[in-house]
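my_file_31.pdb (PDB, C-alpha atoms)
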ATOM      1  CA  MET C   1     -11.214 -17.409  51.192  1.00  0.00           C
ATOM      2  CA  HIS C   2     -13.724 -19.962  49.901  1.00  0.00           C
ATOM      3  CA  VAL C   3     -16.352 -22.132  51.550  1.00  0.00           C
ATOM      4  CA  ASN C   4     -14.764 -25.550  51.983  1.00  0.00           C
ATOM      5  CA  LEU C   5     -16.290 -28.788  50.711  1.00  0.00           C
ATOM      6  CA  GLU C   6     -17.200 -29.995  54.191  1.00  0.00           C
ATOM      7  CA  ASN C   7     -19.254 -26.862  54.882  1.00  0.00           C
ATOM      8  CA  ALA C   8     -20.780 -26.871  51.395  1.00  0.00           C
ATOM      9  CA  GLU C   9     -21.962 -30.433  51.995  1.00  0.00           C
ATOM     10  CA  LYS C  10     -23.309 -29.515  55.464  1.00  0.00           C
ATOM     11  CA  ALA C  11     -25.278 -26.662  53.916  1.00  0.00           C
ATOM     12  CA  ILE C  12     -26.718 -28.928  51.225  1.00  0.00           C
ATOM     13  CA  ASP C  13     -27.637 -31.608  53.768  1.00  0.00           C
ATOM     14  CA  ALA C  14     -29.437 -29.107  56.017  1.00  0.00           C
ATOM     15  CA  ALA C  15     -31.220 -27.610  53.024  1.00  0.00           C
ATOM     16  CA  ARG C  16     -32.267 -31.087  51.842  1.00  0.00           C
ATOM     17  CA  LYS C  17     -33.676 -31.902  55.289  1.00  0.00           C
ATOM     18  CA  LYS C  18     -35.698 -28.666  55.294  1.00  0.00           C
ATOM     19  CA  SER C  19     -36.967 -29.459  51.812  1.00  0.00           C
ATOM     20  CA  LEU C  20     -38.139 -32.875  52.981  1.00  0.00           C
ATOM     21  CA  LYS C  21     -39.981 -31.266  55.919  1.00  0.00           C
ATOM     22  CA  LEU C  22     -41.716 -28.963  53.437  1.00  0.00           C
ATOM     23  CA  LYS C  23     -42.511 -31.958  51.204  1.00  0.00           C
ATOM     24  CA  THR C  24     -40.743 -30.424  48.204  1.00  0.00           C
ATOM     25  CA  GLN C  25     -38.057 -31.589  45.808  1.00  0.00           C
ATOM     26  CA  MET C  26     -35.280 -29.073  45.284  1.00  0.00           C
ATOM     27  CA  CYS C  27     -32.112 -28.392  43.403  1.00  0.00           C
ATOM     28  CA  ILE C  28     -29.509 -27.003  45.815  1.00  0.00           C
ATOM     29  CA  ALA C  29     -26.265 -25.347  44.718  1.00  0.00           C
ATOM     30  CA  VAL C  30     -23.337 -23.963  46.718  1.00  0.00           C
ATOM     31  CA  VAL C  31     -20.738 -21.743  45.062  1.00  0.00           C
ATOM     32  CA  ASP C  32     -17.413 -20.522  46.416  1.00  0.00           C
ATOM     33  CA  SER C  33     -16.492 -16.851  46.810  1.00  0.00           C
ATOM     34  CA  GLY C  34     -15.594 -16.688  43.116  1.00  0.00           C
ATOM     35  CA  ALA C  35     -19.116 -17.893  42.234  1.00  0.00           C
ATOM     36  CA  ASN C  36     -17.748 -21.237  41.012  1.00  0.00           C
ATOM     37  CA  LEU C  37     -19.873 -24.303  41.704  1.00  0.00           C
ATOM     38  CA  LYS C  38     -18.582 -26.109  44.807  1.00  0.00           C
ATOM     39  CA  ALA C  39     -21.355 -28.625  45.502  1.00  0.00           C
ATOM     40  CA  PHE C  40     -24.749 -29.480  44.030  1.00  0.00           C
ATOM     41  CA  MET C  41     -27.695 -31.786  44.699  1.00  0.00           C
ATOM     42  CA  ARG C  42     -30.788 -32.469  42.634  1.00  0.00           C
ATOM     43  CA  MET C  43     -33.310 -34.311  44.758  1.00  0.00           C
ATOM     44  CA  ASP C  44     -35.324 -37.097  43.149  1.00  0.00           C
ATOM     45  CA  ASP C  45     -38.145 -35.677  41.018  1.00  0.00           C
ATOM     46  CA  ALA C  46     -36.859 -32.086  41.262  1.00  0.00           C
ATOM     47  CA  TRP C  47     -37.516 -30.142  38.074  1.00  0.00           C
ATOM     48  CA  VAL C  48     -34.731 -30.204  35.515  1.00  0.00           C
ATOM     49  CA  GLY C  49     -35.308 -26.490  34.883  1.00  0.00           C
ATOM     50  CA  SER C  50     -34.466 -25.799  38.525  1.00  0.00           C
ATOM     51  CA  ILE C  51     -30.856 -26.926  38.043  1.00  0.00           C
ATOM     52  CA  ASP C  52     -29.880 -23.739  36.205  1.00  0.00           C
ATOM     53  CA  ILE C  53     -32.029 -21.544  38.440  1.00  0.00           C
ATOM     54  CA  ALA C  54     -30.459 -22.864  41.665  1.00  0.00           C
ATOM     55  CA  ILE C  55     -26.946 -22.328  40.335  1.00  0.00           C
ATOM     56  CA  LYS C  56     -27.797 -18.826  39.075  1.00  0.00           C
ATOM     57  CA  LYS C  57     -29.405 -17.913  42.410  1.00  0.00           C
ATOM     58  CA  ALA C  58     -26.199 -18.937  44.215  1.00  0.00           C
ATOM     59  CA  LYS C  59     -24.049 -16.995  41.744  1.00  0.00           C
ATOM     60  CA  THR C  60     -26.283 -13.924  41.983  1.00  0.00           C
ATOM     61  CA  ALA C  61     -26.129 -13.922  45.803  1.00  0.00           C
ATOM     62  CA  CYS C  62     -22.346 -14.247  45.610  1.00  0.00           C
ATOM     63  CA  PHE C  63     -21.823 -11.591  42.911  1.00  0.00           C
ATOM     64  CA  PHE C  64     -23.730  -8.958  44.874  1.00  0.00           C
ATOM     65  CA  GLY C  65     -23.297 -10.131  48.459  1.00  0.00           C
ATOM     66  CA  MET C  66     -26.995 -10.037  49.194  1.00  0.00           C
ATOM     67  CA  ALA C  67     -30.061 -12.216  49.151  1.00  0.00           C
ATOM     68  CA  THR C  68     -31.521 -12.606  45.684  1.00  0.00           C
ATOM     69  CA  GLY C  69     -34.900 -11.442  46.984  1.00  0.00           C
ATOM     70  CA  ASP C  70     -33.304  -8.188  48.196  1.00  0.00           C
ATOM     71  CA  LEU C  71     -31.756  -7.665  44.778  1.00  0.00           C
ATOM     72  CA  GLY C  72     -35.145  -8.358  43.248  1.00  0.00           C
ATOM     73  CA  GLN C  73     -36.653  -5.458  45.180  1.00  0.00           C
ATOM     74  CA  LEU C  74     -34.023  -3.168  43.660  1.00  0.00           C
ATOM     75  CA  SER C  75     -34.534  -4.453  40.117  1.00  0.00           C
ATOM     76  CA  GLN C  76     -38.223  -3.663  39.727  1.00  0.00           C
ATOM     77  CA  PRO C  77     -39.351  -1.057  37.162  1.00  0.00           C
ATOM     78  CA  ALA C  78     -38.371   2.481  38.234  1.00  0.00           C
ATOM     79  CA  LYS C  79     -35.893   1.066  40.813  1.00  0.00           C
ATOM     80  CA  PRO C  80     -32.138   1.722  40.578  1.00  0.00           C
ATOM     81  CA  LEU C  81     -31.144  -1.747  39.314  1.00  0.00           C
ATOM     82  CA  PHE C  82     -33.953  -2.332  36.815  1.00  0.00           C
ATOM     83  CA  GLY C  83     -32.728  -4.758  34.146  1.00  0.00           C
ATOM     84  CA  ILE C  84     -29.762  -6.103  36.129  1.00  0.00           C
ATOM     85  CA  GLU C  85     -30.959  -9.674  35.635  1.00  0.00           C
ATOM     86  CA  HIS C  86     -29.743  -9.446  32.030  1.00  0.00           C
ATOM     87  CA  SER C  87     -26.119  -8.982  33.105  1.00  0.00           C
ATOM     88  CA  ASN C  88     -23.524 -11.640  33.974  1.00  0.00           C
ATOM     89  CA  ASP C  89     -25.004 -14.215  31.556  1.00  0.00           C
ATOM     90  CA  GLY C  90     -28.286 -14.034  33.455  1.00  0.00           C
ATOM     91  CA  LEU C  91     -29.066 -13.410  37.102  1.00  0.00           C
ATOM     92  CA  ILE C  92     -31.978 -14.545  39.232  1.00  0.00           C
ATOM     93  CA  THR C  93     -33.579 -11.759  41.252  1.00  0.00           C
ATOM     94  CA  PHE C  94     -36.257 -13.558  43.220  1.00  0.00           C
ATOM     95  CA  PRO C  95     -35.857 -15.339  46.598  1.00  0.00           C
ATOM     96  CA  GLY C  96     -33.859 -18.519  47.069  1.00  0.00           C
ATOM     97  CA  GLY C  97     -30.247 -17.339  46.947  1.00  0.00           C
ATOM     98  CA  LEU C  98     -28.279 -16.294  50.044  1.00  0.00           C
ATOM     99  CA  PRO C  99     -24.659 -15.347  50.657  1.00  0.00           C
ATOM    100  CA  ILE C 100     -22.540 -17.496  52.974  1.00  0.00           C
ATOM    101  CA  VAL C 101     -20.488 -15.316  55.315  1.00  0.00           C
ATOM    102  CA  ASP C 102     -17.898 -16.570  57.795  1.00  0.00           C
ATOM    103  CA  GLU C 103     -17.604 -15.534  61.449  1.00  0.00           C
ATOM    104  CA  ASP C 104     -15.278 -12.666  60.440  1.00  0.00           C
ATOM    105  CA  GLY C 105     -17.904 -11.177  58.129  1.00  0.00           C
ATOM    106  CA  VAL C 106     -16.149 -12.344  54.958  1.00  0.00           C
ATOM    107  CA  LEU C 107     -18.167 -13.620  52.001  1.00  0.00           C
ATOM    108  CA  VAL C 108     -16.995 -17.202  51.382  1.00  0.00           C
ATOM    109  CA  GLY C 109     -19.712 -18.348  48.983  1.00  0.00           C
ATOM    110  CA  ALA C 110     -23.448 -18.584  48.482  1.00  0.00           C
ATOM    111  CA  ILE C 111     -26.305 -21.070  48.302  1.00  0.00           C
ATOM    112  CA  GLY C 112     -29.080 -21.189  45.731  1.00  0.00           C
ATOM    113  CA  VAL C 113     -32.255 -23.264  45.886  1.00  0.00           C
ATOM    114  CA  SER C 114     -34.992 -23.828  43.324  1.00  0.00           C
ATOM    115  CA  GLY C 115     -37.908 -26.187  42.984  1.00  0.00           C
ATOM    116  CA  SER C 116     -40.905 -24.807  44.847  1.00  0.00           C
ATOM    117  CA  SER C 117     -42.488 -21.479  45.749  1.00  0.00           C
ATOM    118  CA  VAL C 118     -40.068 -18.613  46.325  1.00  0.00           C
ATOM    119  CA  GLU C 119     -41.038 -18.710  50.006  1.00  0.00           C
ATOM    120  CA  ASN C 120     -40.025 -22.366  50.245  1.00  0.00           C
ATOM    121  CA  ASP C 121     -36.902 -21.791  48.168  1.00  0.00           C
ATOM    122  CA  HIS C 122     -35.829 -19.040  50.582  1.00  0.00           C
ATOM    123  CA  ALA C 123     -36.616 -21.140  53.675  1.00  0.00           C
ATOM    124  CA  VAL C 124     -34.589 -24.064  52.341  1.00  0.00           C
ATOM    125  CA  ALA C 125     -31.645 -21.797  51.446  1.00  0.00           C
ATOM    126  CA  ALA C 126     -31.815 -20.204  54.908  1.00  0.00           C
ATOM    127  CA  ALA C 127     -31.659 -23.653  56.526  1.00  0.00           C
ATOM    128  CA  GLY C 128     -28.505 -24.351  54.539  1.00  0.00           C
ATOM    129  CA  VAL C 129     -26.838 -21.153  55.682  1.00  0.00           C
ATOM    130  CA  GLU C 130     -27.995 -21.398  59.307  1.00  0.00           C
ATOM    131  CA  VAL C 131     -26.329 -24.785  59.879  1.00  0.00           C
ATOM    132  CA  LEU C 132     -22.962 -23.144  59.228  1.00  0.00           C
ATOM    133  CA  GLY C 133     -23.521 -20.646  62.041  1.00  0.00           C
ATOM    134  CA  VAL C 134     -22.622 -17.707  59.849  1.00  0.00           C
ATOM    135  CA  CYS C 135     -23.813 -14.130  59.899  1.00  0.00           C
ATOM    136  CA  GLU C 136     -25.094 -11.789  57.229  1.00  0.00           C
ATOM    137  CA  LEU C 137     -22.826  -9.362  55.469  1.00  0.00           C
ATOM    138  CA  PRO C 138     -22.683  -5.865  56.908  1.00  0.00           C
ATOM    139  CA  GLU C 139     -25.467  -3.605  55.689  1.00  0.00           C
ATOM    140  CA  HIS C 140     -25.282  -3.206  51.911  1.00  0.00           C
ATOM    141  CA  PRO C 141     -25.554   0.391  50.668  1.00  0.00           C
ATOM    142  CA  TRP C 142     -28.179  -0.564  48.069  1.00  0.00           C
ATOM    143  CA  ARG C 143     -30.556  -2.358  50.393  1.00  0.00           C
ATOM    144  CA  THR C 144     -33.851  -0.653  50.907  1.00  0.00           C
TER
END
Will you turn the file into structure tokens for me?
Amino acid sequence: MHVNLENAEKAIDAARKKSLKLKTQMCIAVVDSGANLKAFMRMDDAWVGSIDIAIKKAKTACFFGMATGDLGQLSQPAKPLFGIEHSNDGLITFPGGLPIVDEDGVLVGAIGVSGSSVENDHAVAAAGVEVLGVCELPEHPWRT
């Protein structure tokens, strides 16, 4: 099952509103459960370089079913996934990407946000997911 367009647009709208509250300009991407782009927004004056990063954050969160920041903790030197960011035509392993999970606990897509600090990117992504009223995936065996 995939996130539908209506929910993808709701997530982007909520993320945009959070970005405005934080006084930042973001690129916001939503992918379906196959990591294919479903919806995208580049706010006025958002960095062009953030387009690719937002999409890759969404794809990364979808590919691994976890927050990109969590994956980043596992991909540090001497950690079990060191170097993973070089796979899949490039992953992003810092905060700003979150899986979108339906009420049955099924991964239906992911959101990725880029354009500010990683703390702001994560907060904006979280606002996008929260508006859908979804839960996190069950505990991932690789999470620390």
Neighbour list for Ala58 (chain C) as a ChimeraX atom specification, cut-off 9 Å, only C-alpha atoms, skip fewer than 5 positions in-chain: /C:28-31,35,37,53,63,68,92,96-99,109-113
What does the distance from CA of Thr24 (chain C) to CA of Ala61 (chain C) come to in Å, to one decimal? 22.2 Å
Which residues fall under the PyMOL selection byres ((chain C and resi 51) around 10) in this file, as a list in words? Met26, Cys27, Ile28, Ala29, Phe40, Met41, Arg42, Ala46, Trp47, Val48, Gly49, Ser50, Asp52, Ile53, Ala54, Ile55, Lys56, Gly112, Val113, Ser114 and Gly115 of chain C
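Each of C:Leu74, C:Ile84, C:Leu22, C:Ala127 was checked against Lys10 (chain C) using all atoms listed in the file; the smallest atom-to-atom distance is that of C:Ala127.
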Residues at most 12 Å from Lys21 (chain C), counting all atoms listed in the file, excluding those fewer than 5 positions away in the same chain, as a PyMOL selection string? chain C and resi 14-16+26+120+123-124+127
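Distances from C:Ser19, C:Asn88, C:Asn7, C:Gln25 to Ala39 (chain C) were compared using only C-alpha atoms, and the smallest one belongs to C:Asn7.
Among C:Ala8, C:Asp45, C:Phe94, C:Met1, the residue with the shortest atom-to-atom distance to Met66 (chain C), counting all atoms listed in the file, is C:Phe94.
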Just want the 8 Å neighbourhood of Ser75 (chain C), counted on only C-alpha atoms, with same-chain residues fewer than 5 positions away dropped. Output as number ranges by chain. C: 80-85, 93
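Computed from the coordinates, the CA of Asp44 (chain C) to CA of Gly133 (chain C) distance equals 27.7 Å.
Across the model, the gap from CA of Glu6 (chain C) to CA of Asp121 (chain C) is 22.2 Å.
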Selected residue of minimal separation from Val129 (chain C) among C:Lys23, C:Gly65, C:Val101, C:Ala78, counting only C-alpha atoms: C:Val101
